[in-house]
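Text of model.json, listed as JSON, C-alpha atoms:
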```
[["chain", "number", "residue", "atom", "x", "y", "z"],
["A", 1, "MET", "CA", 84.31, 95.66, 103.86],
["A", 2, "HIS", "CA", 86.54, 98.41, 105.26],
["A", 3, "ILE", "CA", 89.38, 96.37, 106.70],
["A", 4, "GLN", "CA", 91.83, 98.20, 108.91],
["A", 5, "ASP", "CA", 95.40, 97.13, 108.17],
["A", 6, "SER", "CA", 97.98, 97.09, 110.92],
["A", 7, "HIS", "CA", 100.44, 99.25, 108.97],
["A", 8, "TRP", "CA", 97.95, 102.11, 108.65],
["A", 9, "THR", "CA", 96.86, 101.78, 112.29],
["A", 10, "SER", "CA", 100.45, 101.90, 113.48],
["A", 11, "ALA", "CA", 101.20, 104.87, 111.26],
["A", 12, "SER", "CA", 98.12, 106.66, 112.57],
["A", 13, "ALA", "CA", 99.16, 105.99, 116.15],
["A", 14, "VAL", "CA", 102.64, 107.35, 115.51],
["A", 15, "ALA", "CA", 101.19, 110.37, 113.72],
["A", 16, "SER", "CA", 98.78, 111.01, 116.59],
["A", 17, "GLY", "CA", 101.59, 110.79, 119.09],
["A", 18, "GLY", "CA", 103.65, 113.18, 116.99],
["A", 19, "ALA", "CA", 100.74, 115.57, 116.80],
["A", 20, "VAL", "CA", 100.39, 115.61, 120.59],
["A", 21, "GLY", "CA", 104.11, 116.26, 120.96],
["A", 22, "ALA", "CA", 103.94, 119.02, 118.37],
["A", 23, "ALA", "CA", 101.07, 120.69, 120.21],
["A", 24, "ALA", "CA", 103.02, 120.50, 123.45],
["A", 25, "ASN", "CA", 105.97, 122.21, 121.81],
["A", 26, "GLY", "CA", 103.75, 124.97, 120.51],
["A", 27, "ARG", "CA", 103.99, 124.14, 116.79],
["A", 28, "GLY", "CA", 101.07, 125.09, 114.51],
["A", 29, "ASP", "CA", 98.54, 122.84, 112.77],
["A", 30, "SER", "CA", 100.42, 122.76, 109.45],
["A", 31, "SER", "CA", 103.45, 121.03, 111.02],
["A", 32, "ARG", "CA", 101.16, 118.33, 112.41],
["A", 33, "THR", "CA", 98.99, 117.63, 109.37],
["A", 34, "THR", "CA", 101.37, 118.05, 106.42],
["A", 35, "PRO", "CA", 103.15, 114.68, 106.92],
["A", 36, "LEU", "CA", 99.76, 112.91, 106.93],
["A", 37, "ARG", "CA", 98.67, 114.70, 103.77],
["A", 38, "VAL", "CA", 101.92, 113.77, 102.01],
["A", 39, "ASP", "CA", 101.59, 110.15, 103.16],
["A", 40, "ALA", "CA", 97.98, 109.97, 102.00],
["A", 41, "GLN", "CA", 98.90, 111.41, 98.60],
["A", 42, "ARG", "CA", 101.74, 108.91, 98.25],
["A", 43, "ASN", "CA", 99.39, 106.03, 99.08],
["A", 44, "LEU", "CA", 96.87, 107.29, 96.53],
["A", 45, "GLU", "CA", 99.53, 107.42, 93.81],
["A", 46, "HIS", "CA", 100.68, 103.88, 94.70],
["A", 47, "VAL", "CA", 97.10, 102.57, 94.55],
["A", 48, "LEU", "CA", 96.34, 104.23, 91.21],
["A", 49, "ARG", "CA", 99.59, 102.99, 89.65],
["A", 50, "ALA", "CA", 98.97, 99.49, 90.98],
["A", 51, "ALA", "CA", 95.37, 99.53, 89.73],
["A", 52, "ARG", "CA", 96.49, 100.46, 86.22],
["A", 53, "GLU", "CA", 99.02, 97.63, 86.24],
["A", 54, "VAL", "CA", 96.70, 95.00, 87.71],
["A", 55, "PHE", "CA", 93.67, 95.92, 85.59],
["A", 56, "GLY", "CA", 95.93, 96.15, 82.56],
["A", 57, "GLU", "CA", 97.21, 92.63, 83.13],
["A", 58, "LEU", "CA", 94.08, 90.90, 84.45],
["A", 59, "GLY", "CA", 91.22, 93.10, 83.31],
["A", 60, "TYR", "CA", 88.73, 95.10, 85.36],
["A", 61, "GLY", "CA", 87.53, 91.90, 87.01],
["A", 62, "ALA", "CA", 90.72, 91.65, 89.09],
["A", 63, "PRO", "CA", 90.05, 91.77, 92.87],
["A", 64, "MET", "CA", 90.91, 94.74, 95.05],
["A", 65, "GLU", "CA", 93.22, 92.50, 97.07],
["A", 66, "ASP", "CA", 95.49, 92.21, 94.04],
["A", 67, "VAL", "CA", 95.59, 95.99, 93.72],
["A", 68, "ALA", "CA", 96.47, 96.37, 97.41],
["A", 69, "ARG", "CA", 99.18, 93.72, 97.15],
["A", 70, "ARG", "CA", 100.74, 95.41, 94.13],
["A", 71, "ALA", "CA", 100.58, 98.82, 95.86],
["A", 72, "ARG", "CA", 102.13, 97.29, 99.01],
["A", 73, "VAL", "CA", 99.40, 98.63, 101.24],
["A", 74, "GLY", "CA", 96.64, 96.97, 103.19],
["A", 75, "VAL", "CA", 93.34, 96.44, 101.43],
["A", 76, "GLY", "CA", 91.77, 98.71, 104.04],
["A", 77, "THR", "CA", 93.90, 101.57, 102.74],
["A", 78, "VAL", "CA", 92.55, 100.99, 99.23],
["A", 79, "TYR", "CA", 88.96, 101.00, 100.47],
["A", 80, "ARG", "CA", 89.55, 104.21, 102.42],
["A", 81, "ARG", "CA", 90.51, 105.94, 99.19],
["A", 82, "PHE", "CA", 87.89, 104.15, 97.06],
["A", 83, "PRO", "CA", 84.76, 102.99, 98.96],
["A", 84, "SER", "CA", 84.04, 100.30, 96.37],
["A", 85, "LYS", "CA", 85.76, 98.63, 93.46],
["A", 86, "ASP", "CA", 83.29, 100.34, 91.12],
["A", 87, "VAL", "CA", 84.65, 103.73, 92.18],
["A", 88, "LEU", "CA", 88.25, 102.68, 91.50],
["A", 89, "VAL", "CA", 87.38, 101.14, 88.13],
["A", 90, "ARG", "CA", 85.51, 104.30, 87.13],
["A", 91, "ARG", "CA", 88.52, 106.44, 88.10],
["A", 92, "ILE", "CA", 90.92, 104.39, 85.99],
["A", 93, "ALA", "CA", 88.46, 104.21, 83.08],
["A", 94, "GLU", "CA", 87.86, 107.97, 83.15],
["A", 95, "GLU", "CA", 91.60, 108.69, 83.15],
["A", 96, "GLU", "CA", 92.20, 106.28, 80.28],
["A", 97, "THR", "CA", 89.31, 107.72, 78.27],
["A", 98, "SER", "CA", 90.69, 111.23, 78.75],
["A", 99, "ARG", "CA", 94.20, 110.12, 77.76],
["A", 100, "LEU", "CA", 92.95, 108.44, 74.58],
["A", 101, "THR", "CA", 90.93, 111.52, 73.67],
["A", 102, "ASP", "CA", 94.01, 113.71, 74.09],
["A", 103, "GLN", "CA", 96.02, 111.34, 71.88],
["A", 104, "ALA", "CA", 93.34, 111.43, 69.19],
["A", 105, "ARG", "CA", 93.15, 115.23, 69.28],
["A", 106, "SER", "CA", 96.93, 115.45, 69.10],
["A", 107, "ALA", "CA", 96.96, 113.24, 66.01],
["A", 108, "LEU", "CA", 94.27, 115.39, 64.38],
["A", 109, "GLY", "CA", 96.16, 118.59, 65.13],
["A", 110, "GLN", "CA", 99.67, 117.46, 64.20],
["A", 111, "GLU", "CA", 99.05, 115.41, 61.05],
["A", 112, "ASP", "CA", 97.58, 116.99, 57.92],
["A", 113, "GLU", "CA", 97.47, 113.72, 56.01],
["A", 114, "PRO", "CA", 94.42, 111.65, 57.12],
["A", 115, "TRP", "CA", 96.07, 108.23, 57.11],
["A", 116, "SER", "CA", 99.10, 109.54, 58.99],
["A", 117, "ALA", "CA", 96.78, 111.02, 61.64],
["A", 118, "LEU", "CA", 94.89, 107.75, 62.11],
["A", 119, "SER", "CA", 98.01, 105.58, 62.19],
["A", 120, "ARG", "CA", 99.72, 108.04, 64.56],
["A", 121, "PHE", "CA", 96.81, 107.77, 66.96],
["A", 122, "LEU", "CA", 96.84, 103.97, 66.80],
["A", 123, "ARG", "CA", 100.59, 103.68, 67.29],
["A", 124, "THR", "CA", 100.62, 106.13, 70.21],
["A", 125, "SER", "CA", 97.68, 104.43, 71.90],
["A", 126, "VAL", "CA", 99.06, 100.93, 71.49],
["A", 127, "ALA", "CA", 102.54, 101.97, 72.67],
["A", 128, "SER", "CA", 101.00, 103.46, 75.82],
["A", 129, "GLY", "CA", 99.24, 100.19, 76.62],
["A", 130, "ALA", "CA", 95.82, 101.77, 76.20],
["A", 131, "GLY", "CA", 94.32, 98.59, 74.80],
["A", 132, "ARG", "CA", 94.61, 96.84, 78.13],
["A", 133, "LEU", "CA", 92.62, 99.57, 79.87],
["A", 134, "LEU", "CA", 89.98, 100.49, 77.32],
["A", 135, "PRO", "CA", 86.75, 101.12, 79.27],
["A", 136, "PRO", "CA", 84.23, 98.29, 78.78],
["A", 137, "GLN", "CA", 81.49, 100.73, 77.77],
["A", 138, "VAL", "CA", 83.35, 101.84, 74.64],
["A", 139, "LEU", "CA", 84.88, 98.49, 73.75],
["A", 140, "ARG", "CA", 81.88, 96.17, 73.89],
["A", 141, "VAL", "CA", 80.66, 95.36, 70.38],
["A", 142, "GLY", "CA", 77.73, 93.51, 68.91],
["A", 143, "VAL", "CA", 76.82, 92.36, 65.44],
["A", 144, "ALA", "CA", 73.71, 94.02, 64.06],
["A", 145, "ASP", "CA", 71.75, 93.08, 60.98],
["A", 146, "GLU", "CA", 69.29, 95.40, 59.31],
["A", 147, "GLY", "CA", 66.19, 95.86, 61.38],
["A", 148, "GLU", "CA", 67.99, 95.24, 64.68],
["A", 149, "GLY", "CA", 69.35, 98.73, 65.11],
["A", 150, "ALA", "CA", 66.77, 99.59, 67.74],
["A", 151, "LEU", "CA", 68.32, 96.99, 70.02],
["A", 152, "LEU", "CA", 71.69, 98.71, 69.99],
["A", 153, "ASP", "CA", 73.00, 102.06, 71.10],
["A", 154, "GLU", "CA", 73.26, 103.73, 67.71],
["A", 155, "ALA", "CA", 74.17, 107.11, 69.18],
["A", 156, "ARG", "CA", 77.55, 105.80, 70.34],
["A", 157, "VAL", "CA", 78.99, 105.60, 66.83],
["A", 158, "PRO", "CA", 77.46, 108.34, 64.66],
["A", 159, "GLN", "CA", 77.86, 108.19, 60.90],
["A", 160, "GLN", "CA", 79.63, 104.83, 60.92],
["A", 161, "ARG", "CA", 77.21, 102.68, 58.93],
["A", 162, "THR", "CA", 78.49, 100.03, 56.57],
["A", 163, "GLN", "CA", 77.10, 99.21, 53.17],
["A", 164, "PRO", "CA", 73.39, 98.23, 53.18],
["A", 165, "GLY", "CA", 72.72, 94.55, 53.73],
["A", 166, "ALA", "CA", 76.03, 93.84, 55.42],
["A", 167, "GLY", "CA", 76.47, 93.02, 59.09],
["A", 168, "GLU", "CA", 77.77, 95.91, 61.14],
["A", 169, "LEU", "CA", 79.92, 96.05, 64.23],
["A", 170, "ARG", "CA", 78.71, 98.82, 66.51],
["A", 171, "LEU", "CA", 79.53, 99.75, 70.07],
["A", 172, "VAL", "CA", 76.96, 98.75, 72.64],
["A", 173, "PRO", "CA", 76.91, 99.22, 76.41],
["A", 174, "GLU", "CA", 77.97, 96.28, 78.55],
["A", 175, "GLU", "CA", 75.55, 95.31, 81.31],
["A", 176, "SER", "CA", 78.36, 94.71, 83.78],
["A", 177, "ALA", "CA", 79.78, 98.14, 83.01],
["A", 178, "GLY", "CA", 76.70, 99.89, 84.34],
["A", 179, "SER", "CA", 78.62, 100.78, 87.47],
["A", 180, "LEU", "CA", 80.80, 103.02, 85.32],
["A", 181, "GLY", "CA", 77.83, 105.19, 84.52],
["A", 182, "SER", "CA", 78.16, 108.81, 85.51],
["A", 183, "ALA", "CA", 77.53, 112.09, 83.73],
["A", 184, "GLU", "CA", 81.26, 112.83, 83.61],
["A", 185, "TYR", "CA", 82.22, 109.39, 82.33],
["A", 186, "ASP", "CA", 79.44, 109.25, 79.74],
["A", 187, "ALA", "CA", 80.45, 112.67, 78.45],
["A", 188, "GLY", "CA", 84.09, 111.60, 78.28],
["A", 189, "ALA", "CA", 83.26, 108.38, 76.42],
["A", 190, "THR", "CA", 81.08, 110.26, 73.96],
["A", 191, "THR", "CA", 83.86, 112.78, 73.32],
["A", 192, "LEU", "CA", 86.37, 109.99, 72.71],
["A", 193, "LEU", "CA", 84.10, 108.31, 70.17],
["A", 194, "GLU", "CA", 83.45, 111.62, 68.41],
["A", 195, "VAL", "CA", 87.15, 112.51, 68.10],
["A", 196, "VAL", "CA", 88.11, 109.03, 66.90],
["A", 197, "GLY", "CA", 85.16, 109.29, 64.52],
["A", 198, "GLN", "CA", 86.76, 112.38, 62.98],
["A", 199, "LEU", "CA", 89.96, 110.44, 62.35],
["A", 200, "VAL", "CA", 87.98, 107.63, 60.73],
["A", 201, "ASP", "CA", 85.82, 109.95, 58.61],
["A", 202, "ARG", "CA", 88.83, 111.88, 57.30],
["A", 203, "ALA", "CA", 90.75, 108.75, 56.33],
["A", 204, "ARG", "CA", 87.69, 107.23, 54.67],
["A", 205, "ALA", "CA", 86.87, 110.44, 52.76],
["A", 206, "ALA", "CA", 90.44, 110.52, 51.47],
["A", 207, "GLY", "CA", 90.02, 106.99, 50.14],
["A", 208, "GLN", "CA", 92.77, 105.71, 52.44],
["A", 209, "LEU", "CA", 90.58, 103.67, 54.79],
["A", 210, "ARG", "CA", 88.36, 100.75, 53.89],
["A", 211, "ALA", "CA", 84.75, 101.87, 53.53],
["A", 212, "ASP", "CA", 83.49, 99.26, 55.99],
["A", 213, "VAL", "CA", 85.80, 100.27, 58.87],
["A", 214, "SER", "CA", 84.03, 101.93, 61.80],
["A", 215, "VAL", "CA", 85.06, 103.56, 65.06],
["A", 216, "SER", "CA", 84.49, 100.28, 66.88],
["A", 217, "ASP", "CA", 86.95, 98.56, 64.54],
["A", 218, "VAL", "CA", 89.61, 101.15, 65.35],
["A", 219, "LEU", "CA", 89.12, 100.67, 69.08],
["A", 220, "LEU", "CA", 89.28, 96.91, 68.62],
["A", 221, "VAL", "CA", 92.62, 97.34, 66.87],
["A", 222, "ILE", "CA", 93.94, 99.20, 69.91],
["A", 223, "ALA", "CA", 92.77, 96.40, 72.19],
["A", 224, "THR", "CA", 93.99, 93.57, 69.95],
["A", 225, "ALA", "CA", 97.44, 95.07, 69.40],
["A", 226, "ALA", "CA", 98.17, 95.27, 73.12],
["A", 227, "PRO", "CA", 98.99, 91.70, 74.20],
["A", 228, "SER", "CA", 100.10, 91.15, 77.78],
["A", 229, "LEU", "CA", 103.45, 89.34, 77.77],
["A", 230, "PRO", "CA", 105.78, 88.80, 80.74],
["A", 231, "ASP", "CA", 108.81, 90.30, 78.98],
["A", 232, "ALA", "CA", 108.55, 94.02, 78.27],
["A", 233, "ALA", "CA", 110.79, 93.92, 75.19],
["A", 234, "GLN", "CA", 108.85, 91.02, 73.69],
["A", 235, "GLN", "CA", 105.59, 92.76, 74.44],
["A", 236, "ALA", "CA", 106.68, 95.96, 72.68],
["A", 237, "ALA", "CA", 107.96, 94.03, 69.67],
["A", 238, "ALA", "CA", 104.80, 91.92, 69.45],
["A", 239, "SER", "CA", 102.57, 95.01, 69.70],
["A", 240, "ALA", "CA", 104.46, 96.83, 66.96],
["A", 241, "ARG", "CA", 104.41, 93.82, 64.64],
["A", 242, "LEU", "CA", 100.74, 93.10, 65.22],
["A", 243, "LEU", "CA", 99.79, 96.74, 64.71],
["A", 244, "ASP", "CA", 101.65, 96.83, 61.38],
["A", 245, "ILE", "CA", 99.60, 93.84, 60.21],
["A", 246, "LEU", "CA", 96.32, 95.34, 61.43],
["A", 247, "LEU", "CA", 97.04, 98.72, 59.82],
["A", 248, "GLU", "CA", 97.56, 96.99, 56.49],
["A", 249, "GLY", "CA", 94.17, 95.37, 56.94],
["A", 250, "LEU", "CA", 92.53, 98.75, 57.52],
["A", 251, "ARG", "CA", 93.91, 100.43, 54.41],
["A", 252, "SER", "CA", 91.86, 100.64, 51.27],
["A", 253, "ARG", "CA", 93.14, 98.89, 48.16],
["A", 254, "PRO", "CA", 92.98, 100.15, 44.57],
["A", 255, "VAL", "CA", 90.19, 98.50, 42.63]]
```
Using structure tokens, write down the structure that the file contains.
Amino acid sequence: MHIQDSHWTSASAVASGGAVGAAANGRGDSSRTTPLRVDAQRNLEHVLRAAREVFGELGYGAPMEDVARRARVGVGTVYRRFPSKDVLVRRIAEEETSRLTDQARSALGQEDEPWSALSRFLRTSVASGAGRLLPPQVLRVGVADEGEGALLDEARVPQQRTQPGAGELRLVPEESAGSLGSAEYDAGATTLLEVVGQLVDRARAAGQLRADVSVSDVLLVIATAAPSLPDAAQQAAASARLLDILLEGLRSRPV
């Protein structure tokens, strides 16, 4: 599946010719290889930026050809950097998971008031477009009734049970997301859920968050409040308005 694109081949030929000329003129290795390293780094940045845009718009099911087209490189260049689509998806998912975790930690550290911390995290995450790149493994949810807990991955959302007898939304792994599995990614996803769990627990303990709201609900808010619209201004306005409505739905009400 490693397709050689003509642009890369031509560039390699020119670079090789330059390297021969450099050697003939007595220049050292660094003068020959630095341009290639810079070019490779630039291509990598283009591919990663394009992947975030394409996956954000079309989801992780978007083909690699779309990523290459958006990056303005041949698909062979993409596959040289990422041997399979699974590797590229995992890279984007890991980066997004890390970014969300940092945003959650920042909200915890900068806001003393529990509701302000939770709403700050949600607003920052939605504004950054995180909802369009949430990793499938932490977004997939299932409805569990009592007695079915063994069928779900209970460890993903610790201490997030609802009232007895009620249905519960809990995060479960997605079969198609198995390719994302790696020790580093699993650790990152677990950390994200734990930090968001702290935000949820604090707001609930303060009586500011509905008792039935779980970590999975908070992540669903991030995903729901990030619609993909063609106009950037309309998209920002729609996200802000939708998030305001969803935040009101999360808040507890006096009895």
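In this model, the gap between atom CA of A:Val47 and atom CA of A:Leu100 comes to 21.2 Å.
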Nearest to A:Ala232, chosen from A:Leu44, A:Thr101, A:Gly129, A:Val73, with all atoms listed in the file counted in the distances: A:Gly129
Shortest interatomic distance to A:Asp201 - which of A:Val221, A:Arg37, A:Ala93, A:Leu108, counting only C-alpha atoms: A:Leu108
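Nearest residue to A:Ser116, choosing from A:Ala237, A:Glu194, A:Ala51, A:Ala104 and counting all atoms listed in the file: A:Ala104.
When only C-alpha atoms are used to compute distances to A:Ala130, the closest of the residues A:Ile92, A:Val67, A:Ala117, A:Val87 turns out to be A:Ile92.
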With all atoms listed in the file as the atoms that count, which of A:Arg70, A:Lys85, A:Arg210, A:Arg120 lies nearest to A:Asp244? A:Arg120
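Straight-line separation from atom CA of A:Val218 to atom CA of A:Gly61: 23.6 Å.
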Write out as an MDAnalysis selection string the residues lying within 9 Å of A:Ala206, counting only C-alpha atoms and excluding same-chain residues fewer than 5 positions away. chainID A and resid 113:115 201
Between A:Ala189, A:Pro254, A:Val75, A:Ala225, which residue has the minimum interatomic distance to A:Arg241, considering all atoms listed in the file? A:Ala225
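Taking atom CA of A:Leu219 and atom CA of A:Leu134 as the two end points, the separation is 8.3 Å.
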